[in-house]
Structures are given as structure tokens and as C-alpha cells.
Amino acid sequence: MNSSLRDNLMCEIANMYYFKDMTQADIAKRLFISRSNVSRLLKAARDKGLVEIKIHYSSQRCYYLEELISSQFGLREVYIYDHGAAAQDQVFYSLCCHVANYLHSYIKECSVIGVSRGTVMEGVLNNMSPCEPRCEDIKLVQMHGCESTSESSRSSEDLMRRMLHLCGGTAYYLNAPLYLNSPELREQLEHEPTIRRTLELISQVELVVTGIGALTADWRNTSFLAKYLDETTILELIGLNCVGHIFGQFFDVNGRRIDHSINDRC
């Protein structure tokens, strides 16, 4: 049997099994093949991607923990979900859906919104519906410098354009590199009119969409860290008890900004 005929057979068997609720024995009888062949062809259909199975885990709000964290840190709103035994990619997908729904319902109440970079931001926009009517009065602000070497689909510039397309409004870019060679050069650029205008808007931001990056032992597999920092800098940050980064700024386990030159050049 050639490949095309075999694929058609697998699809037909999958259709009978998953949509017509036929048993494997019934399918075997209908097609004049053995039940073991039906089982093997169903597995082959899944392995080849002709059939995709998704498990939609239910998630529950953790209201007590939300109230505890809200009180402890003075936060207006906290949403915490328990996804049980869901796989990591399913949890990530669910997280992005929750954030996209929240953002979609809240965005019209804001006048200045900050946009970051990364997989979380990309996932949120992938699951966000276009605003109707469009929010032409809002200002979208790039929260940190440009990452010219990063993946285009996750860079802050590209994500700004995507959010502009979804929501409307006006985009304000921070046209400078994320990291500069010296704090002095950073200070000089801060006085450039176009950059100063964006920095002033950042101070007015009412809502920021961002992930939080971790500094872990496998940092080489993290594109952001591997492309911007050498091993010496990473080891220095770890030696200063750094645990993560946000907007290119590195912090310790208590959320305090690390005293390192990388932060001064951001």
C-alpha cells in the first residue's frame, strides 16, 4: 500500500474511532482487517500527526492564596490558578489564555500600556482577540531597549506592532540598544529627545504586560541570556545571589536590584 492510501486509511479509521464512537472490533469488522491492525494504525496516525489529542485540564482559582498575597504586597488584583497535573506546555497555554482574557477586558480602562518581550508576551498576543471598537486613544510604550539579535517574533519591537494591530492606538518605541557599553553612554542617550519622550511615558504606564526571566543553571539554553551576557558576567551575577531579571534588570531573591555594571548599562 502506497503512502497516500495508507494515510487515507489511517484518517478513515481515526474518524470512525474518535467521531463515530465505533470500537476497534467494529472497525476491524467493517474494513475486513484484524483488530491489532486497527490499533497499530490508530497509533501510527497519532505519531504522524494525522490525529492530535488535547487534554483540557480544568483550573481552579486559589482564592485564599490570592487574598494572602494581595494583603502582603498591597496588590489590587491577584489571580492564582491551580492546574493540577497538567503538563508544562498546557499550563503555559492556559496562563496565556487567562492573561489575554484579562488584558482584553481591562485594556480600555488604561491610557498608557507598557509592552515587554519574550515567550509569555508572545503567547498572550497569540490568544488575544482584536479590540472592537479599537482603542485609538491608548499609548503603547516599549519598556526597554531593542534586542537586535533576538527572535523577531518575540522581540519587543515586533510584539509592539502586533499589539498595535490588535488594539489600535499609538506606539512609542525606545530606539536604543538594550545594553550599552557604559553608564555614561546610557545617560547621554537618555537626553535624546525621542528617547526622553518614551522614557517620560514609561513613568506614566498604568499596565505592563511582561514575563519574569529566571537565572538558572541551564542559562545557556535561554536565548535572552546567552545572546547578551558572557559566562563571566553570568557567574558574577550568580555570585551576587541573582535569581532573575525583568526589563533587562537583574534582581536577587528579595526583589532587590543587583549591584552590577550590567544593570547600570541597561
# chains A, B, ... in the order shown; residues from 1 in each chain; ligands from 1
>>> residues_around(residues="region 65-82 of chain A", least_positions_apart="2", cutoff="10 Å", atoms="only C-alpha atoms", output="mmCIF file with C-alpha atoms, in the first residue's frame")
data_model
loop_
_atom_site.group_PDB
_atom_site.id
_atom_site.type_symbol
_atom_site.label_atom_id
_atom_site.label_comp_id
_atom_site.auth_asym_id
_atom_site.auth_seq_id
_atom_site.Cartn_x
_atom_site.Cartn_y
_atom_site.Cartn_z
ATOM 1 C CA SER A 58 -9.615 22.273 34.441
ATOM 2 C CA SER A 59 -8.075 25.012 36.535
ATOM 3 C CA GLN A 60 -9.345 26.365 39.830
ATOM 4 C CA ARG A 61 -8.814 29.779 41.381
ATOM 5 C CA CYS A 62 -6.867 29.754 44.657
ATOM 6 C CA TYR A 63 -8.843 32.497 46.377
ATOM 7 C CA GLY A 84 -3.288 20.152 38.963
ATOM 8 C CA ALA A 85 -1.371 17.539 36.991
ATOM 9 C CA ALA A 86 -1.340 19.400 33.685
ATOM 10 C CA VAL A 91 -0.077 25.244 31.968
ATOM 11 C CA SER A 94 -3.707 28.217 29.993
ATOM 12 C CA LEU A 95 -1.719 31.045 31.602
ATOM 13 C CA HIS A 98 -6.106 33.835 31.231
ATOM 14 C CA VAL A 99 -3.836 36.856 30.761
ATOM 15 C CA TYR A 102 -7.880 39.792 31.468
#
>>> closest_atom_pairs(of="region 153-226 of chain A", to="region 113-133 of chain A", cutoff="12 Å", atoms="only C-alpha atoms", output="Markdown table")
| residue | atom | partner | partner_atom | distance |
| --- | --- | --- | --- | --- |
| A:Ser153 | CA | A:Glu122 | CA | 7.3 |
| A:Arg154 | CA | A:Gly118 | CA | 4.9 |
| A:Ser155 | CA | A:Arg117 | CA | 5.3 |
| A:Ser156 | CA | A:Arg117 | CA | 4.5 |
| A:Glu157 | CA | A:Arg117 | CA | 8.2 |
| A:Asp158 | CA | A:Arg117 | CA | 8.8 |
| A:Leu159 | CA | A:Glu122 | CA | 6.8 |
| A:Met160 | CA | A:Val115 | CA | 6.5 |
| A:Arg161 | CA | A:Val115 | CA | 10.2 |
| A:Arg162 | CA | A:Leu125 | CA | 7.5 |
| A:Met163 | CA | A:Leu125 | CA | 7.0 |
| A:Leu164 | CA | A:Pro130 | CA | 9.8 |
| A:His165 | CA | A:Pro130 | CA | 7.9 |
| A:Leu166 | CA | A:Pro130 | CA | 4.4 |
| A:Cys167 | CA | A:Cys131 | CA | 5.1 |
| A:Gly168 | CA | A:Cys131 | CA | 7.8 |
| A:Gly169 | CA | A:Ile113 | CA | 10.2 |
| A:Thr170 | CA | A:Ile113 | CA | 10.4 |
| A:Ala171 | CA | A:Ile113 | CA | 9.7 |
| A:Tyr172 | CA | A:Gly114 | CA | 9.7 |
| A:Tyr173 | CA | A:Val115 | CA | 9.8 |
| A:Leu174 | CA | A:Val115 | CA | 10.9 |
| A:Leu178 | CA | A:Arg117 | CA | 11.5 |
| A:Thr198 | CA | A:Gly114 | CA | 10.5 |
| A:Leu199 | CA | A:Gly114 | CA | 11.0 |
| A:Leu201 | CA | A:Gly114 | CA | 9.0 |
| A:Ile202 | CA | A:Gly114 | CA | 7.0 |
| A:Ser203 | CA | A:Gly114 | CA | 9.8 |
| A:Gln204 | CA | A:Ile113 | CA | 8.7 |
| A:Val205 | CA | A:Ile113 | CA | 5.4 |
| A:Glu206 | CA | A:Ile113 | CA | 6.0 |
| A:Leu207 | CA | A:Ile113 | CA | 5.0 |
| A:Val208 | CA | A:Gly114 | CA | 4.4 |
| A:Val209 | CA | A:Val115 | CA | 5.6 |
| A:Thr210 | CA | A:Ser116 | CA | 5.2 |
| A:Gly211 | CA | A:Val120 | CA | 5.6 |
| A:Ile212 | CA | A:Val120 | CA | 8.8 |
| A:Gly213 | CA | A:Gly118 | CA | 8.9 |
| A:Thr222 | CA | A:Gly118 | CA | 10.7 |
| A:Ser223 | CA | A:Gly118 | CA | 9.7 |
| A:Phe224 | CA | A:Gly118 | CA | 8.5 |
| A:Leu225 | CA | A:Gly118 | CA | 11.8 |
>>> select_by_dssp(residues="region 35-253 of chain A", states="strand (DSSP E or B)", output="MDAnalysis selection string")
chainID A and resid 60:61 81:82 112:115 139:142 146 170:172 177 207:209 213:214 242:246 249:252
>>> closest_residue(among="A:Gln24, A:Ser261, A:Ser4, A:Gln142", to="Asn37 (chain A)", atoms="only C-alpha atoms")
A:Gln24
>>> residues_around(residues="Val51 (chain A)", least_positions_apart="6", cutoff="12 Å", atoms="only C-alpha atoms", output="CSV table (one decimal) with all heavy atoms, in the first residue's frame")
chain,number,residue,atom,x,y,z
A,7,ASP,N,-2.2,6.7,4.4
A,7,ASP,CA,-2.7,7.9,5.2
A,7,ASP,C,-4.2,8.0,5.2
A,7,ASP,O,-4.8,8.4,6.2
A,7,ASP,CB,-2.1,9.2,4.6
A,7,ASP,CG,-0.6,9.3,5.0
A,7,ASP,OD1,-0.1,8.5,5.8
A,7,ASP,OD2,0.1,10.3,4.5
A,10,MET,N,-5.7,5.5,7.5
A,10,MET,CA,-5.5,5.9,8.9
A,10,MET,C,-6.5,7.0,9.3
A,10,MET,O,-7.1,7.0,10.4
A,10,MET,CB,-4.1,6.4,9.2
A,10,MET,CG,-3.0,5.3,9.2
A,10,MET,SD,-1.4,5.9,9.8
A,10,MET,CE,-0.8,6.8,8.4
A,11,CYS,N,-6.7,7.9,8.4
A,11,CYS,CA,-7.7,9.0,8.7
A,11,CYS,C,-9.1,8.4,8.8
A,11,CYS,O,-9.9,8.9,9.6
A,11,CYS,CB,-7.6,10.1,7.6
A,11,CYS,SG,-6.1,11.1,7.6
A,12,GLU,N,-9.5,7.5,7.9
A,12,GLU,CA,-10.8,6.9,8.0
A,12,GLU,C,-11.0,6.1,9.3
A,12,GLU,O,-12.1,6.2,9.9
A,12,GLU,CB,-11.0,6.0,6.8
A,12,GLU,CG,-12.3,5.3,6.7
A,12,GLU,CD,-13.5,6.3,6.6
A,12,GLU,OE1,-13.3,7.4,6.1
A,12,GLU,OE2,-14.6,5.9,7.1
A,13,ILE,N,-10.0,5.4,9.7
A,13,ILE,CA,-10.1,4.6,10.9
A,13,ILE,C,-10.2,5.6,12.1
A,13,ILE,O,-11.0,5.3,13.0
A,13,ILE,CB,-8.8,3.7,11.1
A,13,ILE,CG1,-8.9,2.5,10.1
A,13,ILE,CG2,-8.7,3.1,12.5
A,13,ILE,CD1,-7.7,1.7,10.0
A,14,ALA,N,-9.4,6.6,12.1
A,14,ALA,CA,-9.5,7.6,13.2
A,14,ALA,C,-10.8,8.3,13.2
A,14,ALA,O,-11.4,8.5,14.3
A,14,ALA,CB,-8.4,8.7,13.0
A,15,ASN,N,-11.4,8.6,12.1
A,15,ASN,CA,-12.7,9.2,12.0
A,15,ASN,C,-13.8,8.3,12.6
A,15,ASN,O,-14.6,8.7,13.4
A,15,ASN,CB,-13.1,9.5,10.6
A,15,ASN,CG,-14.4,10.2,10.5
A,15,ASN,OD1,-14.6,11.3,11.0
A,15,ASN,ND2,-15.4,9.6,9.7
A,17,TYR,N,-13.2,5.9,14.8
A,17,TYR,CA,-13.0,5.6,16.2
A,17,TYR,C,-13.3,6.8,17.1
A,17,TYR,O,-13.9,6.7,18.1
A,17,TYR,CB,-11.5,5.2,16.4
A,17,TYR,CG,-11.1,4.8,17.8
A,17,TYR,CD1,-11.5,3.6,18.3
A,17,TYR,CD2,-10.3,5.6,18.6
A,17,TYR,CE1,-11.2,3.2,19.6
A,17,TYR,CE2,-10.0,5.2,19.9
A,17,TYR,CZ,-10.4,4.0,20.4
A,17,TYR,OH,-10.1,3.6,21.6
A,18,TYR,N,-12.8,8.0,16.7
A,18,TYR,CA,-12.9,9.2,17.5
A,18,TYR,C,-14.3,9.9,17.4
A,18,TYR,O,-14.8,10.5,18.3
A,18,TYR,CB,-11.8,10.1,17.3
A,18,TYR,CG,-10.4,9.6,17.8
A,18,TYR,CD1,-9.5,9.2,16.9
A,18,TYR,CD2,-10.2,9.5,19.1
A,18,TYR,CE1,-8.3,8.6,17.3
A,18,TYR,CE2,-9.0,8.9,19.6
A,18,TYR,CZ,-8.0,8.5,18.7
A,18,TYR,OH,-6.8,8.0,19.1
A,19,PHE,N,-14.8,9.9,16.1
A,19,PHE,CA,-16.0,10.7,15.9
A,19,PHE,C,-17.3,9.9,15.8
A,19,PHE,O,-18.4,10.4,16.2
A,19,PHE,CB,-15.8,11.6,14.6
A,19,PHE,CG,-14.8,12.7,14.8
A,19,PHE,CD1,-13.6,12.6,14.2
A,19,PHE,CD2,-15.2,13.8,15.5
A,19,PHE,CE1,-12.7,13.6,14.3
A,19,PHE,CE2,-14.2,14.9,15.7
A,19,PHE,CZ,-13.0,14.8,15.1
A,41,LEU,N,-2.7,1.1,13.4
A,41,LEU,CA,-2.9,2.3,12.5
A,41,LEU,C,-3.4,3.5,13.3
A,41,LEU,O,-3.0,4.6,12.9
A,41,LEU,CB,-3.9,1.9,11.4
A,41,LEU,CG,-3.4,0.9,10.4
A,41,LEU,CD1,-4.6,0.3,9.5
A,41,LEU,CD2,-2.4,1.6,9.5
A,42,LEU,N,-4.1,3.3,14.3
A,42,LEU,CA,-4.5,4.5,15.2
A,42,LEU,C,-3.3,5.1,15.8
A,42,LEU,O,-3.2,6.3,15.9
A,42,LEU,CB,-5.5,4.0,16.3
A,42,LEU,CG,-6.9,3.8,15.8
A,42,LEU,CD1,-7.7,3.2,16.9
A,42,LEU,CD2,-7.6,5.1,15.4
A,43,LYS,N,-2.4,4.3,16.3
A,43,LYS,CA,-1.1,4.8,16.9
A,43,LYS,C,-0.3,5.5,15.8
A,43,LYS,O,0.3,6.6,16.1
A,43,LYS,CB,-0.3,3.7,17.5
A,43,LYS,CG,0.9,4.2,18.2
A,43,LYS,CD,1.7,3.0,18.9
A,43,LYS,CE,2.9,3.5,19.7
A,43,LYS,NZ,3.8,4.3,18.9
A,44,ALA,N,-0.2,4.9,14.6
A,44,ALA,CA,0.6,5.5,13.6
A,44,ALA,C,0.0,6.8,13.2
A,44,ALA,O,0.8,7.8,12.8
A,44,ALA,CB,0.6,4.5,12.4
A,45,ALA,N,-1.3,7.0,13.2
A,45,ALA,CA,-2.0,8.2,12.8
A,45,ALA,C,-1.6,9.3,13.8
A,45,ALA,O,-1.4,10.5,13.5
A,45,ALA,CB,-3.5,8.1,12.8
>>> closest_residue(among="A:Arg46, A:Glu109, A:Cys242, A:Leu9", to="Ile27 (chain A)", atoms="only C-alpha atoms")
A:Leu9
>>> atom_distance(atom1="CA of Glu136 (chain A)", atom2="CA of Phe247 (chain A)")
25.9 Å
>>> decode(residues="region 225-238 of chain A", atoms="all heavy atoms", output="PDB file, in the first residue's frame")
ATOM      1  N   LEU A 225      19.585  35.406  27.732  1.00  0.00           N
ATOM      2  CA  LEU A 225      20.836  35.466  28.477  1.00  0.00           C
ATOM      3  C   LEU A 225      22.028  35.092  27.600  1.00  0.00           C
ATOM      4  O   LEU A 225      23.072  35.748  27.634  1.00  0.00           O
ATOM      5  CB  LEU A 225      20.765  34.530  29.688  1.00  0.00           C
ATOM      6  CG  LEU A 225      19.721  34.890  30.744  1.00  0.00           C
ATOM      7  CD1 LEU A 225      19.646  33.804  31.804  1.00  0.00           C
ATOM      8  CD2 LEU A 225      20.052  36.216  31.398  1.00  0.00           C
ATOM      9  N   ALA A 226      21.883  34.034  26.820  1.00  0.00           N
ATOM     10  CA  ALA A 226      23.004  33.540  26.029  1.00  0.00           C
ATOM     11  C   ALA A 226      23.450  34.547  24.973  1.00  0.00           C
ATOM     12  O   ALA A 226      24.631  34.606  24.624  1.00  0.00           O
ATOM     13  CB  ALA A 226      22.624  32.218  25.369  1.00  0.00           C
ATOM     14  N   LYS A 227      22.536  35.351  24.462  1.00  0.00           N
ATOM     15  CA  LYS A 227      22.872  36.286  23.394  1.00  0.00           C
ATOM     16  C   LYS A 227      23.424  37.613  23.910  1.00  0.00           C
ATOM     17  O   LYS A 227      24.090  38.336  23.184  1.00  0.00           O
ATOM     18  CB  LYS A 227      21.643  36.552  22.521  1.00  0.00           C
ATOM     19  CG  LYS A 227      21.271  35.362  21.650  1.00  0.00           C
ATOM     20  CD  LYS A 227      20.054  35.662  20.806  1.00  0.00           C
ATOM     21  CE  LYS A 227      19.709  34.476  19.918  1.00  0.00           C
ATOM     22  NZ  LYS A 227      18.502  34.719  19.092  1.00  0.00           N
ATOM     23  N   TYR A 228      23.147  37.925  25.155  1.00  0.00           N
ATOM     24  CA  TYR A 228      23.537  39.240  25.663  1.00  0.00           C
ATOM     25  C   TYR A 228      24.660  39.205  26.695  1.00  0.00           C
ATOM     26  O   TYR A 228      25.383  40.183  26.851  1.00  0.00           O
ATOM     27  CB  TYR A 228      22.323  39.950  26.274  1.00  0.00           C
ATOM     28  CG  TYR A 228      21.483  40.635  25.233  1.00  0.00           C
ATOM     29  CD1 TYR A 228      20.352  40.025  24.741  1.00  0.00           C
ATOM     30  CD2 TYR A 228      21.846  41.873  24.726  1.00  0.00           C
ATOM     31  CE1 TYR A 228      19.583  40.636  23.767  1.00  0.00           C
ATOM     32  CE2 TYR A 228      21.092  42.500  23.753  1.00  0.00           C
ATOM     33  CZ  TYR A 228      19.962  41.870  23.274  1.00  0.00           C
ATOM     34  OH  TYR A 228      19.210  42.471  22.297  1.00  0.00           O
ATOM     35  N   LEU A 229      24.792  38.106  27.417  1.00  0.00           N
ATOM     36  CA  LEU A 229      25.754  38.067  28.510  1.00  0.00           C
ATOM     37  C   LEU A 229      26.769  36.961  28.309  1.00  0.00           C
ATOM     38  O   LEU A 229      26.412  35.853  27.901  1.00  0.00           O
ATOM     39  CB  LEU A 229      25.026  37.844  29.842  1.00  0.00           C
ATOM     40  CG  LEU A 229      23.874  38.816  30.167  1.00  0.00           C
ATOM     41  CD1 LEU A 229      23.276  38.467  31.516  1.00  0.00           C
ATOM     42  CD2 LEU A 229      24.362  40.245  30.161  1.00  0.00           C
ATOM     43  N   ASP A 230      28.029  37.263  28.617  1.00  0.00           N
ATOM     44  CA  ASP A 230      29.038  36.214  28.556  1.00  0.00           C
ATOM     45  C   ASP A 230      29.054  35.432  29.862  1.00  0.00           C
ATOM     46  O   ASP A 230      28.406  35.800  30.850  1.00  0.00           O
ATOM     47  CB  ASP A 230      30.416  36.810  28.255  1.00  0.00           C
ATOM     48  CG  ASP A 230      30.823  37.883  29.262  1.00  0.00           C
ATOM     49  OD1 ASP A 230      30.461  37.767  30.454  1.00  0.00           O
ATOM     50  OD2 ASP A 230      31.498  38.853  28.861  1.00  0.00           O
ATOM     51  N   GLU A 231      29.795  34.347  29.862  1.00  0.00           N
ATOM     52  CA  GLU A 231      29.794  33.455  31.026  1.00  0.00           C
ATOM     53  C   GLU A 231      30.348  34.146  32.267  1.00  0.00           C
ATOM     54  O   GLU A 231      29.868  33.915  33.382  1.00  0.00           O
ATOM     55  CB  GLU A 231      30.596  32.187  30.729  1.00  0.00           C
ATOM     56  CG  GLU A 231      30.508  31.146  31.835  1.00  0.00           C
ATOM     57  CD  GLU A 231      31.007  29.788  31.397  1.00  0.00           C
ATOM     58  OE1 GLU A 231      31.512  29.674  30.265  1.00  0.00           O
ATOM     59  OE2 GLU A 231      30.893  28.851  32.187  1.00  0.00           O
ATOM     60  N   THR A 232      31.331  35.012  32.075  1.00  0.00           N
ATOM     61  CA  THR A 232      31.909  35.726  33.222  1.00  0.00           C
ATOM     62  C   THR A 232      30.855  36.573  33.927  1.00  0.00           C
ATOM     63  O   THR A 232      30.736  36.552  35.155  1.00  0.00           O
ATOM     64  CB  THR A 232      33.073  36.625  32.761  1.00  0.00           C
ATOM     65  OG1 THR A 232      34.089  35.815  32.173  1.00  0.00           O
ATOM     66  CG2 THR A 232      33.658  37.389  33.949  1.00  0.00           C
ATOM     67  N   THR A 233      30.059  37.292  33.145  1.00  0.00           N
ATOM     68  CA  THR A 233      29.009  38.135  33.720  1.00  0.00           C
ATOM     69  C   THR A 233      27.966  37.286  34.442  1.00  0.00           C
ATOM     70  O   THR A 233      27.522  37.634  35.537  1.00  0.00           O
ATOM     71  CB  THR A 233      28.335  38.976  32.623  1.00  0.00           C
ATOM     72  OG1 THR A 233      29.316  39.793  31.988  1.00  0.00           O
ATOM     73  CG2 THR A 233      27.242  39.860  33.219  1.00  0.00           C
ATOM     74  N   ILE A 234      27.574  36.169  33.825  1.00  0.00           N
ATOM     75  CA  ILE A 234      26.588  35.278  34.448  1.00  0.00           C
ATOM     76  C   ILE A 234      27.093  34.770  35.790  1.00  0.00           C
ATOM     77  O   ILE A 234      26.369  34.783  36.805  1.00  0.00           O
ATOM     78  CB  ILE A 234      26.268  34.085  33.529  1.00  0.00           C
ATOM     79  CG1 ILE A 234      25.485  34.559  32.298  1.00  0.00           C
ATOM     80  CG2 ILE A 234      25.483  33.024  34.275  1.00  0.00           C
ATOM     81  CD1 ILE A 234      24.062  34.955  32.579  1.00  0.00           C
ATOM     82  N   LEU A 235      28.348  34.322  35.841  1.00  0.00           N
ATOM     83  CA  LEU A 235      28.912  33.804  37.087  1.00  0.00           C
ATOM     84  C   LEU A 235      29.007  34.908  38.143  1.00  0.00           C
ATOM     85  O   LEU A 235      28.802  34.653  39.334  1.00  0.00           O
ATOM     86  CB  LEU A 235      30.289  33.187  36.818  1.00  0.00           C
ATOM     87  CG  LEU A 235      30.285  31.914  35.951  1.00  0.00           C
ATOM     88  CD1 LEU A 235      31.711  31.441  35.686  1.00  0.00           C
ATOM     89  CD2 LEU A 235      29.467  30.812  36.619  1.00  0.00           C
ATOM     90  N   GLU A 236      29.305  36.125  37.709  1.00  0.00           N
ATOM     91  CA  GLU A 236      29.341  37.246  38.652  1.00  0.00           C
ATOM     92  C   GLU A 236      27.954  37.499  39.243  1.00  0.00           C
ATOM     93  O   GLU A 236      27.814  37.728  40.446  1.00  0.00           O
ATOM     94  CB  GLU A 236      29.859  38.500  37.953  1.00  0.00           C
ATOM     95  CG  GLU A 236      31.338  38.461  37.604  1.00  0.00           C
ATOM     96  CD  GLU A 236      31.779  39.640  36.753  1.00  0.00           C
ATOM     97  OE1 GLU A 236      30.905  40.423  36.301  1.00  0.00           O
ATOM     98  OE2 GLU A 236      32.991  39.777  36.525  1.00  0.00           O
ATOM     99  N   LEU A 237      26.931  37.450  38.396  1.00  0.00           N
ATOM    100  CA  LEU A 237      25.560  37.664  38.867  1.00  0.00           C
ATOM    101  C   LEU A 237      25.142  36.563  39.829  1.00  0.00           C
ATOM    102  O   LEU A 237      24.514  36.825  40.862  1.00  0.00           O
ATOM    103  CB  LEU A 237      24.605  37.731  37.676  1.00  0.00           C
ATOM    104  CG  LEU A 237      24.703  38.991  36.811  1.00  0.00           C
ATOM    105  CD1 LEU A 237      23.935  38.808  35.502  1.00  0.00           C
ATOM    106  CD2 LEU A 237      24.188  40.214  37.569  1.00  0.00           C
ATOM    107  N   ILE A 238      25.472  35.322  39.509  1.00  0.00           N
ATOM    108  CA  ILE A 238      25.145  34.208  40.405  1.00  0.00           C
ATOM    109  C   ILE A 238      25.854  34.381  41.739  1.00  0.00           C
ATOM    110  O   ILE A 238      25.286  34.125  42.805  1.00  0.00           O
ATOM    111  CB  ILE A 238      25.518  32.860  39.748  1.00  0.00           C
ATOM    112  CG1 ILE A 238      24.605  32.600  38.539  1.00  0.00           C
ATOM    113  CG2 ILE A 238      25.411  31.717  40.756  1.00  0.00           C
ATOM    114  CD1 ILE A 238      24.986  31.373  37.726  1.00  0.00           C
TER     115      ILE A 238
END
